[in-house]
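Participant: Next comes upload_37.txt, compact mmCIF, C-alpha atoms:
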# COMPACT_ATOMS: atom_id res chain seq x y z
CA MET J 806 0.00 0.00 0.00
CA GLY J 807 1.06 3.60 -0.54
CA GLU J 808 2.58 6.05 1.86
CA LEU J 809 -0.75 7.58 2.87
CA MET J 810 -2.14 4.29 4.08
CA GLN J 811 0.74 3.96 6.53
CA GLY J 812 -0.62 7.04 8.31
CA ASP J 813 -4.05 5.44 8.13
CA VAL J 814 -5.55 8.76 7.15
CA TYR J 815 -7.94 7.78 4.50
CA SER J 816 -9.41 4.57 5.65
CA MET J 817 -11.68 6.88 7.66
CA ARG J 818 -14.88 7.31 5.75
CA GLN J 819 -14.39 5.06 2.79
CA ASP J 820 -17.05 2.58 3.80
CA ASN J 821 -19.84 5.07 4.30
CA VAL J 822 -18.78 8.02 2.18
CA ASP J 823 -21.46 9.53 -0.04
CA THR J 824 -19.76 10.07 -3.37
CA GLU J 825 -22.28 12.68 -4.49
CA GLN J 826 -21.46 14.66 -1.38
CA LEU J 827 -17.78 14.10 -1.99
CA LYS J 828 -18.05 15.41 -5.56
CA ALA J 829 -19.98 18.46 -4.34
CA SER J 830 -17.41 19.04 -1.65
CA ILE J 831 -14.53 18.90 -4.15
CA LEU J 832 -16.37 21.26 -6.51
CA ASN J 833 -16.97 23.63 -3.59
CA THR J 834 -13.25 23.59 -2.82
CA LEU J 835 -12.53 24.54 -6.42
CA SER J 836 -15.26 27.17 -6.64
CA SER J 837 -14.26 30.83 -6.84
CA ASP J 838 -17.14 31.63 -4.48
CA PRO J 839 -17.33 28.67 -2.05
CA HIS J 840 -19.94 28.28 0.69
CA LEU J 841 -19.02 29.80 4.04
CA THR J 842 -17.16 27.47 6.37
CA ASP J 843 -18.35 26.86 9.94
CA VAL J 844 -15.69 29.23 11.20
CA GLN J 845 -16.79 31.99 8.82
CA LEU J 846 -20.47 31.49 9.66
CA ILE J 847 -19.77 31.60 13.39
CA GLU J 848 -17.51 34.65 13.27
CA PHE J 849 -19.77 36.44 10.80
CA ALA J 850 -22.91 35.88 12.87
CA SER J 851 -21.22 37.02 16.07
CA GLY J 852 -19.61 40.07 14.44
CA ALA J 853 -16.07 38.85 15.12
CA LEU J 854 -14.81 39.02 11.53
CA ASN J 855 -12.73 41.94 10.35
CA LEU J 856 -14.39 44.31 7.89
CA GLU J 857 -12.78 42.97 4.70
CA ILE J 858 -13.64 39.31 5.33
CA ALA J 859 -17.10 40.23 6.63
CA ALA J 860 -17.75 42.08 3.36
CA VAL J 861 -16.79 38.99 1.32
CA CYS J 862 -19.09 36.81 3.47
CA GLN J 863 -21.91 39.33 3.14
CA GLN J 864 -21.52 39.29 -0.64
CA HIS J 865 -21.74 35.49 -0.72
CA ILE J 866 -24.75 35.44 1.60
CA GLN J 867 -26.62 37.86 -0.64
CA HIS J 868 -26.86 35.31 -3.43
CA CYS J 869 -26.55 31.98 -1.55
CA LYS J 870 -29.82 31.00 0.11
CA ALA J 871 -28.26 28.06 1.97
CA CYS J 872 -25.59 30.14 3.69
CA ALA J 873 -28.05 32.98 4.33
CA ALA J 874 -30.39 30.55 6.09
CA GLU J 875 -27.55 29.12 8.21
CA SER J 876 -26.37 32.61 9.11
CA ASP J 877 -29.88 33.77 10.05
CA LEU J 878 -30.34 30.71 12.22
CA LEU J 879 -27.16 31.49 14.15
CA SER J 880 -27.99 35.19 14.48
CA LEU J 881 -31.29 34.23 16.12
CA GLN J 882 -29.32 32.56 18.90
CA LEU J 883 -27.90 35.93 19.89
CA ALA J 884 -31.29 36.92 21.29
CA VAL J 885 -30.19 35.67 24.69
CA TRP J 886 -27.47 38.35 24.67
CA GLN J 887 -30.04 41.15 24.46
CA SER J 888 -31.33 40.62 27.97
CA PRO J 889 -29.21 42.16 30.77
CA THR J 890 -30.68 39.84 33.41
CA GLU J 891 -29.93 36.78 31.26
CA ILE J 892 -26.38 38.01 30.63
CA GLU J 893 -25.89 38.54 34.34
CA ARG J 894 -27.19 35.05 35.12
CA LEU J 895 -24.92 33.44 32.51
CA GLU J 896 -21.87 35.40 33.57
CA SER J 897 -22.36 34.56 37.22
CA ARG J 898 -22.29 30.87 36.23
CA ILE J 899 -18.75 31.25 34.89
CA GLY J 900 -17.56 33.46 37.73
CA ARG J 901 -16.94 36.37 35.39
CA PRO J 902 -17.47 39.18 37.93
CA ALA J 903 -14.74 37.78 40.17
CA VAL J 904 -12.27 37.22 37.32
CA MET J 905 -12.83 40.63 35.73
CA SER J 906 -12.61 42.51 39.02
CA GLN J 907 -9.07 41.23 39.54
CA ARG J 908 -7.69 44.13 37.59
CA PRO J 909 -3.98 43.66 37.02
CA ALA J 910 -2.05 46.08 39.19
CA GLN J 911 0.01 47.14 36.19
CA ALA J 912 -3.05 47.95 34.02
CA TRP J 913 -2.18 51.26 32.42
CA TRP J 914 -5.76 52.47 32.26
CA ALA J 915 -6.01 52.19 36.03
CA GLN J 916 -3.50 55.06 36.23
CA ILE J 917 -5.62 57.41 34.10
CA ALA J 918 -7.94 59.60 36.13
CA ASP J 919 -10.07 61.21 33.42
CA LEU J 920 -11.43 58.37 31.28
CA VAL J 921 -14.12 59.48 28.82
CA SER J 922 -17.58 57.99 29.29
CA VAL J 923 -19.05 56.23 26.26
CA ALA J 924 -22.52 55.93 27.81
CA PRO J 925 -23.96 58.48 25.30
CA LEU J 926 -23.26 55.89 22.59
CA ARG J 927 -25.86 53.51 23.95
CA VAL J 928 -28.40 52.47 21.37
CA LYS J 929 -31.53 54.59 21.70
CA MET J 930 -34.68 52.75 22.64
CA GLY J 931 -38.39 53.48 22.24
CA ILE J 932 -39.44 56.80 20.75
CA HIS J 933 -35.83 58.01 20.61
CA ALA J 934 -34.76 55.13 18.39
CA THR J 935 -34.04 55.66 14.71
CA GLY J 936 -32.77 53.18 12.17
CA ARG J 937 -29.33 54.69 11.49
CA ASP J 938 -28.76 57.33 14.15
CA VAL J 939 -25.17 58.51 14.58
CA GLU J 940 -23.37 59.37 17.80
CA VAL J 941 -19.72 60.40 18.07
CA ILE J 942 -17.46 60.78 21.08
CA LYS J 943 -13.94 62.20 21.06
CA PHE J 944 -11.24 60.98 23.40
CA PRO J 945 -7.53 61.72 24.02
CA ILE J 946 -4.66 59.29 23.42
CA HIS J 947 -2.22 58.84 26.25
CA GLY J 948 1.52 58.43 25.78
CA GLU J 949 3.97 56.99 28.29
CA SER J 950 3.46 59.72 30.87
CA GLU J 951 1.16 62.33 29.36
CA ILE J 952 -1.32 62.88 26.52
CA ALA J 953 0.20 62.20 23.09
CA LEU J 954 0.51 65.46 21.16
CA GLY J 955 -1.27 65.86 17.85
CA LEU J 956 -3.24 62.63 18.19
CA SER J 957 -6.92 62.19 18.94
CA GLY J 958 -9.58 59.54 18.61
CA ILE J 959 -13.24 59.27 17.90
CA ILE J 960 -15.61 56.42 18.61
CA GLN J 961 -18.73 56.47 16.52
CA ARG J 962 -21.96 54.51 16.55
CA ARG J 963 -24.00 54.25 13.36
CA GLY J 964 -27.14 52.36 14.13
CA GLN J 965 -25.74 49.32 15.93
CA GLU J 966 -22.20 49.50 14.48
CA PHE J 967 -19.40 50.90 16.60
CA GLN J 968 -16.37 52.21 14.70
CA ILE J 969 -13.22 53.83 15.93
CA LYS J 970 -10.61 56.04 14.28
CA ILE J 971 -7.38 57.52 15.60
CA THR J 972 -6.32 60.61 13.67
CA PRO J 973 -2.97 62.47 13.81
CA SER J 974 -2.68 66.20 13.14
CA ILE J 975 -1.20 67.08 9.72
CA GLU J 976 2.15 68.01 11.31
CA GLN J 977 2.35 64.70 13.20
CA THR J 978 1.19 62.40 10.41
CA LEU J 979 4.67 61.09 9.63
CA SER J 980 5.79 60.67 13.22
CA TYR J 981 2.78 58.45 14.02
CA LYS J 982 2.91 56.47 10.76
CA ASP J 983 2.48 52.69 11.33
CA ARG J 984 1.95 53.13 15.08
CA LEU J 985 -0.81 51.36 17.00
CA VAL J 986 -3.06 52.60 19.77
CA GLU J 987 -4.38 50.23 22.42
CA VAL J 988 -7.99 51.00 23.22
CA VAL J 989 -9.88 49.65 26.22
CA LEU J 990 -13.56 49.97 27.08
CA VAL J 991 -13.71 49.47 30.81
CA ASP J 992 -16.55 49.78 33.29
CA SER J 993 -15.18 52.23 35.79
CA GLY J 994 -17.49 50.98 38.52
CA THR J 995 -16.88 47.25 38.28
CA ASP J 996 -13.56 47.28 36.34
CA ASP J 997 -15.11 44.90 33.79
CA VAL J 998 -13.26 45.10 30.48
CA LEU J 999 -15.80 45.11 27.67
CA LEU J 1000 -13.13 45.00 24.98
CA GLN J 1001 -9.48 45.64 24.32
CA ARG J 1002 -8.12 46.27 20.81
CA ASN J 1003 -5.02 47.54 19.05
CA ILE J 1004 -6.05 50.12 16.46
CA PRO J 1005 -3.92 51.31 13.53
CA ILE J 1006 -3.68 55.06 13.00
CA ASN J 1007 -5.79 56.88 10.41
CA ARG J 1008 -8.16 54.07 9.61
CA PHE J 1009 -11.77 53.34 10.60
CA VAL J 1010 -11.91 50.02 12.46
CA LEU J 1011 -15.09 48.17 13.37
CA LEU J 1012 -15.10 47.56 17.12
CA GLY J 1013 -18.22 45.50 17.07
CA THR J 1014 -21.94 45.53 16.50
CA ASP J 1015 -24.52 46.03 19.19
CA LEU J 1016 -22.00 46.44 22.02
CA PRO J 1017 -23.74 46.19 25.39
CA ILE J 1018 -22.67 49.65 26.57
CA ARG J 1019 -23.68 50.44 30.15
CA THR J 1020 -21.36 52.68 32.14
CA GLU J 1021 -18.14 51.98 30.23
CA ARG J 1022 -15.39 54.52 29.76
CA ILE J 1023 -12.74 54.58 27.08
CA ALA J 1024 -8.98 54.68 27.57
CA ALA J 1025 -6.45 54.82 24.75
CA LYS J 1026 -2.68 54.51 24.83
CA LEU J 1027 -0.10 54.92 22.09
CA LEU J 1028 1.94 51.71 21.86
CA THR J 1029 5.71 51.99 21.61
CA MET N 1216 -10.88 36.62 14.84
CA ASN N 1217 -9.52 39.98 16.00
CA ARG N 1218 -7.14 39.65 18.91
CA PRO N 1219 -5.13 42.32 20.72
CA ASP N 1220 -1.33 41.98 20.70
CA SER N 1221 -1.39 41.06 24.38
CA ILE N 1222 -3.21 37.87 23.35
CA SER N 1223 -1.58 37.07 20.00
CA VAL N 1224 1.85 37.25 21.64
CA LEU N 1225 0.87 34.11 23.58
CA ASP N 1226 0.85 32.12 20.30
CA GLN N 1227 4.64 31.98 20.39
CA LYS N 1228 4.86 29.79 23.52
CA PRO N 1229 3.56 26.29 24.30
CA GLY N 1230 0.56 26.70 26.61
CA LYS N 1231 2.10 24.58 29.36
CA ASP N 1232 4.92 27.14 29.65
CA TRP N 1233 2.66 30.16 30.18
CA THR N 1234 3.03 32.10 33.40
CA ASN N 1235 0.08 32.51 35.77
CA GLU N 1236 -0.28 36.10 34.58
CA GLU N 1237 -0.49 34.92 30.95
CA VAL N 1238 -3.07 32.26 31.80
CA GLU N 1239 -5.19 34.88 33.57
CA ARG N 1240 -4.78 37.33 30.70
CA ALA N 1241 -6.11 34.78 28.23
CA ARG N 1242 -9.02 33.89 30.54
CA ARG N 1243 -10.00 37.54 30.94
CA TRP N 1244 -9.91 38.03 27.18
CA TRP N 1245 -12.22 35.06 26.63
CA MET N 1246 -14.56 36.66 29.16
CA GLU N 1247 -14.96 39.87 27.19
CA ARG N 1248 -18.52 40.18 25.91
CA GLU N 1249 -17.59 39.82 22.26
CA GLN N 1250 -15.85 36.52 22.92
CA GLU N 1251 -18.70 35.35 25.15
CA ARG N 1252 -21.12 35.83 22.28
CA LEU N 1253 -18.73 34.19 19.84
CA ILE N 1254 -18.47 31.08 22.01
CA TRP N 1255 -22.25 30.94 22.33
CA ILE N 1256 -22.64 31.00 18.55
CA ALA N 1257 -19.86 28.43 18.13
CA ALA N 1258 -21.56 26.09 20.62
CA THR N 1259 -24.83 26.48 18.70
CA ARG N 1260 -23.24 25.73 15.34
CA TYR N 1261 -21.00 22.86 16.40
CA LEU N 1262 -23.63 21.12 18.53
CA GLY N 1263 -25.77 20.72 15.44
CA PRO N 1264 -29.48 20.00 15.09
CA GLY N 1265 -31.63 18.99 18.03
CA ALA N 1266 -29.78 20.93 20.71
CA THR N 1267 -31.80 23.02 23.15
CA LYS N 1268 -30.85 26.35 24.75
CA GLU N 1269 -29.95 24.38 27.89
CA ASP N 1270 -27.53 22.20 25.89
CA ILE N 1271 -25.90 25.32 24.44
CA GLU N 1272 -25.66 26.94 27.85
CA GLU N 1273 -24.04 23.88 29.46
CA LEU N 1274 -21.42 23.76 26.71
CA TRP N 1275 -20.83 27.48 26.97
CA VAL N 1276 -20.22 27.12 30.71
CA SER N 1277 -17.93 24.13 30.14
CA PHE N 1278 -15.85 26.23 27.76
CA TYR N 1279 -14.90 28.49 30.67
CA ALA N 1280 -14.81 25.75 33.30
CA GLU N 1281 -12.70 23.23 31.36
CA GLU N 1282 -11.94 23.90 27.70
CA ILE N 1283 -9.75 26.99 27.99
CA ASP N 1284 -7.38 25.27 30.37
CA LYS N 1285 -7.50 21.89 28.66
CA SER N 1286 -6.68 23.38 25.26
CA ARG N 1287 -3.96 25.59 26.75
CA ARG N 1288 -2.16 22.55 28.13
CA SER N 1289 -2.09 20.89 24.71
CA PHE N 1290 -1.41 24.05 22.69
CA ARG N 1291 1.87 24.20 20.75
CA PRO N 1292 3.02 26.94 18.35
CA GLY N 1293 3.26 26.03 14.67
CA GLY N 1294 -0.39 25.30 13.85
CA PRO N 1295 -3.40 27.59 14.31
CA ASP N 1296 -3.17 30.44 16.84
CA PHE N 1297 -4.25 29.75 20.43
CA ALA N 1298 -7.72 31.31 20.11
CA THR N 1299 -8.51 29.38 16.93
CA TYR N 1300 -7.11 26.18 18.40
CA THR N 1301 -9.19 26.55 21.56
CA LEU N 1302 -12.45 27.46 19.85
CA HIS N 1303 -12.39 25.82 16.44
CA VAL N 1304 -10.36 22.68 17.19
CA CYS N 1305 -10.72 21.63 20.85
CA PHE N 1306 -14.12 23.14 21.65
CA ARG N 1307 -15.52 22.03 18.28
CA ARG N 1308 -14.48 18.46 19.02
CA GLU N 1309 -16.22 18.60 22.42
CA CYS N 1310 -19.36 20.16 20.88
CA ILE N 1311 -19.57 17.45 18.22
CA ARG N 1312 -19.19 14.76 20.88
CA ARG N 1313 -21.98 16.29 22.97
CA GLY N 1314 -24.11 16.90 19.87
CA GLU N 1315 -24.01 13.18 19.17
CA GLN N 1316 -25.16 12.52 22.74
CA VAL N 1317 -28.01 15.01 22.28
CA ARG N 1318 -29.21 13.28 19.12
CA LYS N 1319 -28.87 9.87 20.74
CA ARG N 1320 -31.04 11.13 23.60
CA LEU N 1321 -33.60 12.47 21.11
CA ARG N 1322 -33.66 9.17 19.22
CA SER N 1323 -34.24 7.17 22.38
CA GLU N 1324 -36.97 9.59 23.47
CA SER N 1325 -38.76 9.34 20.12
CA SER N 1326 -38.37 5.54 20.14
CA LEU N 1327 -39.99 5.34 23.54
CA GLU N 1328 -42.83 7.59 22.44
CA ALA N 1329 -43.44 5.41 19.40
CA GLY N 1330 -43.29 2.27 21.53
CA ASP N 1331 -40.43 1.07 19.37
CA THR N 1332 -37.32 0.32 21.39
CA GLU N 1333 -35.18 -1.03 18.58
CA THR N 1334 -35.27 1.42 15.72
CA GLY N 1335 -36.26 5.06 15.97
CA PRO N 1336 -37.56 7.14 13.07
CA TYR N 1337 -34.16 8.80 12.68
CA GLU N 1338 -32.47 5.47 11.96
CA ARG N 1339 -35.29 4.40 9.69
CA ASN N 1340 -34.92 7.58 7.65
CA ILE N 1341 -31.21 6.98 7.31
CA ALA N 1342 -31.77 3.39 6.30
CA ASP N 1343 -34.43 4.36 3.77
CA SER N 1344 -32.39 7.07 2.13
CA GLY N 1345 -29.13 5.09 1.78
CA PRO N 1346 -27.67 4.03 -1.56
CA ASN N 1347 -28.94 0.83 -3.18
CA PRO N 1348 -26.49 -2.08 -3.75
CA VAL N 1349 -25.61 -0.95 -7.29
CA GLN N 1350 -24.91 2.57 -6.11
CA GLN N 1351 -22.84 1.17 -3.25
CA VAL N 1352 -20.62 -0.74 -5.68
CA GLU N 1353 -20.22 2.39 -7.84
CA GLN N 1354 -19.39 4.52 -4.84
CA LYS N 1355 -16.81 2.03 -3.63
CA ALA N 1356 -15.22 1.98 -7.08
CA MET N 1357 -14.96 5.74 -7.22
CA ILE N 1358 -13.41 5.96 -3.76
CA GLU N 1359 -10.90 3.25 -4.71
CA GLU N 1360 -10.08 5.22 -7.84
CA ILE N 1361 -9.31 8.34 -5.79
CA VAL N 1362 -7.27 6.36 -3.26
CA LYS N 1363 -5.27 4.71 -6.05
CA PHE N 1364 -4.71 8.04 -7.77
CA LEU N 1365 -3.45 9.65 -4.56
CA ASP N 1366 -1.20 6.69 -3.78
CA GLU N 1367 0.40 6.78 -7.21
CA SER N 1368 0.69 10.54 -7.57
CA LYS N 1369 3.92 12.35 -6.77
CA MET N 1370 2.23 15.15 -4.82
CA PRO N 1371 3.79 16.00 -1.44
CA LEU N 1372 2.52 13.80 1.37
CA ASN N 1373 1.20 16.69 3.49
CA GLN N 1374 -0.89 17.94 0.58
CA LYS N 1375 -2.44 14.51 0.10
CA ARG N 1376 -3.03 14.20 3.84
CA ALA N 1377 -4.71 17.62 3.98
CA PHE N 1378 -7.05 16.65 1.11
CA THR N 1379 -7.86 13.30 2.67
CA LEU N 1380 -8.54 14.72 6.13
CA LYS N 1381 -10.78 17.35 4.58
CA HIS N 1382 -12.82 15.19 2.24
CA PHE N 1383 -12.75 11.78 3.91
CA GLY N 1384 -12.23 12.76 7.54
CA ASP N 1385 -14.76 15.63 7.72
CA LYS N 1386 -12.08 17.80 9.29
CA SER N 1387 -12.10 21.57 9.17
CA ASN N 1388 -9.13 23.54 7.85
CA GLU N 1389 -8.35 24.54 11.43
CA GLU N 1390 -8.24 20.91 12.63
CA ILE N 1391 -6.05 19.91 9.69
CA ALA N 1392 -3.69 22.81 10.41
CA SER N 1393 -3.45 21.64 13.99
CA GLU N 1394 -2.84 18.02 13.00
CA LEU N 1395 -0.25 18.80 10.31
CA ARG N 1396 1.36 21.71 12.21
CA ALA N 1397 0.78 24.12 9.35
CA GLU N 1398 -0.75 27.55 8.78
CA ILE N 1399 -4.48 27.52 7.97
CA GLY N 1400 -3.82 29.40 4.72
CA THR N 1401 -1.27 26.78 3.70
CA VAL N 1402 -3.78 24.00 4.37
CA LYS N 1403 -6.32 25.72 2.11
CA VAL N 1404 -3.77 25.91 -0.70
CA TRP N 1405 -2.81 22.23 -0.24
CA VAL N 1406 -6.42 21.06 -0.30
CA HIS N 1407 -7.16 23.17 -3.35
CA ARG N 1408 -4.13 21.86 -5.29
CA VAL N 1409 -4.98 18.23 -4.67
CA ALA N 1410 -8.69 18.84 -5.35
CA GLN N 1411 -7.78 20.26 -8.77
CA LYS N 1412 -5.79 17.14 -9.65
CA VAL N 1413 -8.35 14.70 -8.25
CA HIS N 1414 -11.14 16.47 -10.09
CA ALA N 1415 -9.19 16.41 -13.37
CA HIS N 1416 -8.52 12.68 -12.86
CA LEU N 1417 -12.18 11.91 -12.11
CA ARG N 1418 -13.15 13.84 -15.22
CA ARG N 1419 -10.72 11.81 -17.35
CA LYS N 1420 -12.26 8.64 -15.91
CA GLU N 1421 -15.73 10.08 -16.57
CA TRP N 1422 -16.79 9.97 -12.93
CA VAL N 1423 -17.65 13.66 -13.10
CA ASN N 1424 -18.68 15.97 -15.94
Please lay out the structure from this file as structure tokens.

Facilitator:
Amino acid sequence: MGELMQGDVYSMRQDNVDTEQLKASILNTLSSDPHLTDVQLIEFASGALNLEIAAVCQQHIQHCKACAAESDLLSLQLAVWQSPTEIERLESRIGRPAVMSQRPAQAWWAQIADLVSVAPLRVKMGIHATGRDVEVIKFPIHGESEIALGLSGIIQRRGQEFQIKITPSIEQTLSYKDRLVEVVLVDSGTDDVLLQRNIPINRFVLLGTDLPIRTERIAAKLLT
Amino acid sequence: MNRPDSISVLDQKPGKDWTNEEVERARRWWMEREQERLIWIAATRYLGPGATKEDIEELWVSFYAEEIDKSRRSFRPGGPDFATYTLHVCFRRECIRRGEQVRKRLRSESSLEAGDTETGPYERNIADSGPNPVQQVEQKAMIEEIVKFLDESKMPLNQKRAFTLKHFGDKSNEEIASELRAEIGTVKVWVHRVAQKVHAHLRRKEWVN
């Protein structure tokens, strides 16, 4: 027998393999627009994909009924994450409050006194709600010991999408080229970290969709 | 999956060598809301049909209680990154295992309801929709043709393994990357290359149009 058989890798499904499925699977591999994989479906539905890949997935879903149905089915499961009491119940089961309150002593954002509140970005409910309302908040970027000169950030919500952009002044454009800014959304009351991201300069980056903003504040630090 | 540098830097070290601070850092990152939702969706998808909200919740809890640490201990650099390995290799495997238990439970429940303790409707459907003897012989011949072609071809062994794991082993690209200690992108290229050759061969033999 050949070399592959020594590794016993393809005696696996030979007895019960469906050859029609196998042919379809090979054709899908060779397709220029293949069906979304499990990983893509999961990360797309939960909003964890970066913008470029999400756009490709969205394009496929627009004309592929099968993937659209799978994606819709998964998105429905996020309903549980709309209810604050349900979230609290789930998180208490995994001991999240205790873990997240153990803020590392060296956390840089703990040293910043004037964090900017992002509470105004909360999605409007009831009569104040509109389909694509826009809210923007500006915040400073901190350097090693003080605020970084000629650098500022905005966090923007359009409908349920939260985007962030760090912009240098014209004079400082070159000096901040290719630098990253670490951004943290932290609940100043409980010290819960909602998210932590490294953001490139001068580019809009999707932070997430439908972030459960409560009393979080934003801190940003220029990385060396 | 977007990860901050403080997490992606952990990919360079075997999980068993992480410091306590690094272990805690990874745990806290998994507990951010975005990751919590991601794990919930992954549990839903990987469990498969028949799972209830309670099944999903139990798996979601077990991810934090067991999976993070279990996958960390077996994590080695060289394959997928730690987050992908934890979620899409180790947790997926556990979800599939529990999904099978869920469906087994459903089958036994429906068998009891139907007063039929030997064969439930699920098995009967499978039995009814299977290939007939002639189709079985044809299928076997086609599989043997692919196996023979792969054995005789001069393609690199890892490429053939990647194709085989994907199409005969029902493995995801992430699992194959973990098994063959390769980048996920590399695995995709390997599978694609072999698929092109297998497809061309099947076309020559008139198995496909």

Participant: Write out as JSON, numbers by chain each polymer residue whose atoms come within 12 Å of His865 (chain J), counting only C-alpha atoms; drop sequence neighbours fewer than 3 positions from it.

Facilitator: {"J": [837, 838, 839, 840, 841, 842, 845, 846, 849, 858, 859, 860, 861, 862, 868, 869, 870, 871, 872, 873, 876]}

Participant: Export, as a PDB file, in the coordinates of the input, the selected residues with C-alpha atoms.

Facilitator:
ATOM      1  CA  SER J 837     -14.260  30.830  -6.840  1.00  0.00           C
ATOM      2  CA  ASP J 838     -17.140  31.630  -4.480  1.00  0.00           C
ATOM      3  CA  PRO J 839     -17.330  28.670  -2.050  1.00  0.00           C
ATOM      4  CA  HIS J 840     -19.940  28.280   0.690  1.00  0.00           C
ATOM      5  CA  LEU J 841     -19.020  29.800   4.040  1.00  0.00           C
ATOM      6  CA  THR J 842     -17.160  27.470   6.370  1.00  0.00           C
ATOM      7  CA  GLN J 845     -16.790  31.990   8.820  1.00  0.00           C
ATOM      8  CA  LEU J 846     -20.470  31.490   9.660  1.00  0.00           C
ATOM      9  CA  PHE J 849     -19.770  36.440  10.800  1.00  0.00           C
ATOM     10  CA  ILE J 858     -13.640  39.310   5.330  1.00  0.00           C
ATOM     11  CA  ALA J 859     -17.100  40.230   6.630  1.00  0.00           C
ATOM     12  CA  ALA J 860     -17.750  42.080   3.360  1.00  0.00           C
ATOM     13  CA  VAL J 861     -16.790  38.990   1.320  1.00  0.00           C
ATOM     14  CA  CYS J 862     -19.090  36.810   3.470  1.00  0.00           C
ATOM     15  CA  HIS J 868     -26.860  35.310  -3.430  1.00  0.00           C
ATOM     16  CA  CYS J 869     -26.550  31.980  -1.550  1.00  0.00           C
ATOM     17  CA  LYS J 870     -29.820  31.000   0.110  1.00  0.00           C
ATOM     18  CA  ALA J 871     -28.260  28.060   1.970  1.00  0.00           C
ATOM     19  CA  CYS J 872     -25.590  30.140   3.690  1.00  0.00           C
ATOM     20  CA  ALA J 873     -28.050  32.980   4.330  1.00  0.00           C
ATOM     21  CA  SER J 876     -26.370  32.610   9.110  1.00  0.00           C
TER      22      SER J 876
END

Participant: Between CA of Thr1301 (chain N) and CA of Leu1253 (chain N), what is the spacing in Å?

Facilitator: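 Going from CA of Leu1253 (chain N) over to CA of Thr1301 (chain N) covers 12.3 Å.
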
Participant: What is the distance between CA of Leu999 (chain J) and CA of Phe1297 (chain N), in Å to one decimal?

Facilitator: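 Here the two named atoms are 20.5 Å from each other.
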
Participant: Using only C-alpha atoms, determine which residues lie at most 9 Å from region 1270-1277 of chain N, disregarding the query and same-chain residues fewer than 3 positions distant; provide the list as a list in words.

Facilitator: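 Returned residues: Leu895, Glu896, Arg898 and Ile899 of chain J; Glu1251, Ile1254, Trp1255, Ile1256, Ala1257, Ala1258, Thr1259, Leu1262, Ala1266, Thr1267, Ala1280, Glu1281, Glu1282, Ile1283, Phe1306, Glu1309, Cys1310, Arg1313, Gly1314 and Val1317 of chain N.
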
Participant: Residues of chain N that have any atom at most 6 Å from an atom of chain J: could you tabulate them with the shortest-distance atom pair and the distance in Å to one decimal, using all atoms listed in the file, ordered by chain and increasing number, as JSON lines?

Facilitator:
{"residue": "N:Met1216", "atom": "CA", "partner": "J:Ala853", "partner_atom": "CA", "distance": 5.7}
{"residue": "N:Pro1219", "atom": "CA", "partner": "J:Arg1002", "partner_atom": "CA", "distance": 5.0}
{"residue": "N:Glu1247", "atom": "CA", "partner": "J:Leu999", "partner_atom": "CA", "distance": 5.3}
{"residue": "N:Arg1248", "atom": "CA", "partner": "J:Leu999", "partner_atom": "CA", "distance": 5.9}
{"residue": "N:Leu1253", "atom": "CA", "partner": "J:Ser851", "partner_atom": "CA", "distance": 5.3}
{"residue": "N:Ile1256", "atom": "CA", "partner": "J:Ile847", "partner_atom": "CA", "distance": 5.9}
{"residue": "N:Ala1257", "atom": "CA", "partner": "J:Ile847", "partner_atom": "CA", "distance": 5.7}
{"residue": "N:Gln1354", "atom": "CA", "partner": "J:Thr824", "partner_atom": "CA", "distance": 5.8}
{"residue": "N:Asp1366", "atom": "CA", "partner": "J:Gly807", "partner_atom": "CA", "distance": 5.0}
{"residue": "N:Thr1379", "atom": "CA", "partner": "J:Tyr815", "partner_atom": "CA", "distance": 5.8}
{"residue": "N:Phe1383", "atom": "CA", "partner": "J:Arg818", "partner_atom": "CA", "distance": 5.3}
{"residue": "N:Gly1384", "atom": "CA", "partner": "J:Met817", "partner_atom": "CA", "distance": 5.9}
{"residue": "N:Ala1410", "atom": "CA", "partner": "J:Ile831", "partner_atom": "CA", "distance": 6.0}

Participant: So how far away is CA of Ile1023 (chain J) from CA of Asp919 (chain J), in Å?

Facilitator: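 Interatomic distance, CA of Asp919 (chain J) to CA of Ile1023 (chain J): 9.6 Å.
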
Participant: Residues near Ala953 (chain J), anyone? I mean within 10 Å using only C-alpha atoms, not counting same-chain ones fewer than 4 positions away, as a JSON list (two decimals) with C-alpha atoms, in the coordinates of the input.

Facilitator:
[["chain", "number", "residue", "atom", "x", "y", "z"],
["J", 945, "PRO", "CA", -7.53, 61.72, 24.02],
["J", 946, "ILE", "CA", -4.66, 59.29, 23.42],
["J", 947, "HIS", "CA", -2.22, 58.84, 26.25],
["J", 948, "GLY", "CA", 1.52, 58.43, 25.78],
["J", 949, "GLU", "CA", 3.97, 56.99, 28.29],
["J", 957, "SER", "CA", -6.92, 62.19, 18.94],
["J", 973, "PRO", "CA", -2.97, 62.47, 13.81],
["J", 1026, "LYS", "CA", -2.68, 54.51, 24.83],
["J", 1027, "LEU", "CA", -0.10, 54.92, 22.09]]

Participant: Just the residues within 10 Å of Leu1365 (chain N), please, counting only C-alpha atoms, with nothing from its chain fewer than 4 positions along; format it as a VMD selection string.

Facilitator: (chain J and resid 807 to 809) or (chain N and resid 1359 to 1361 1369 to 1370 1372 1375 to 1376 1378 to 1379 1409 1412 to 1413)

Participant: Which residues are near Leu979 (chain J)? Cut-off 12 Å, all atoms listed in the file, ignore same chain within fewer than 5 positions. Put them as a list in words.

Facilitator: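 So the residues in contact are Gly955, Leu956, Thr972, Pro973, Ser974, Arg984, Ile1006 and Asn1007 of chain J.
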
Participant: Between J:Leu856, J:Val986, J:Val991, J:Leu1028, which residue has the minimum interatomic distance to Glu966 (chain J), considering only C-alpha atoms?

Facilitator: J:Leu856
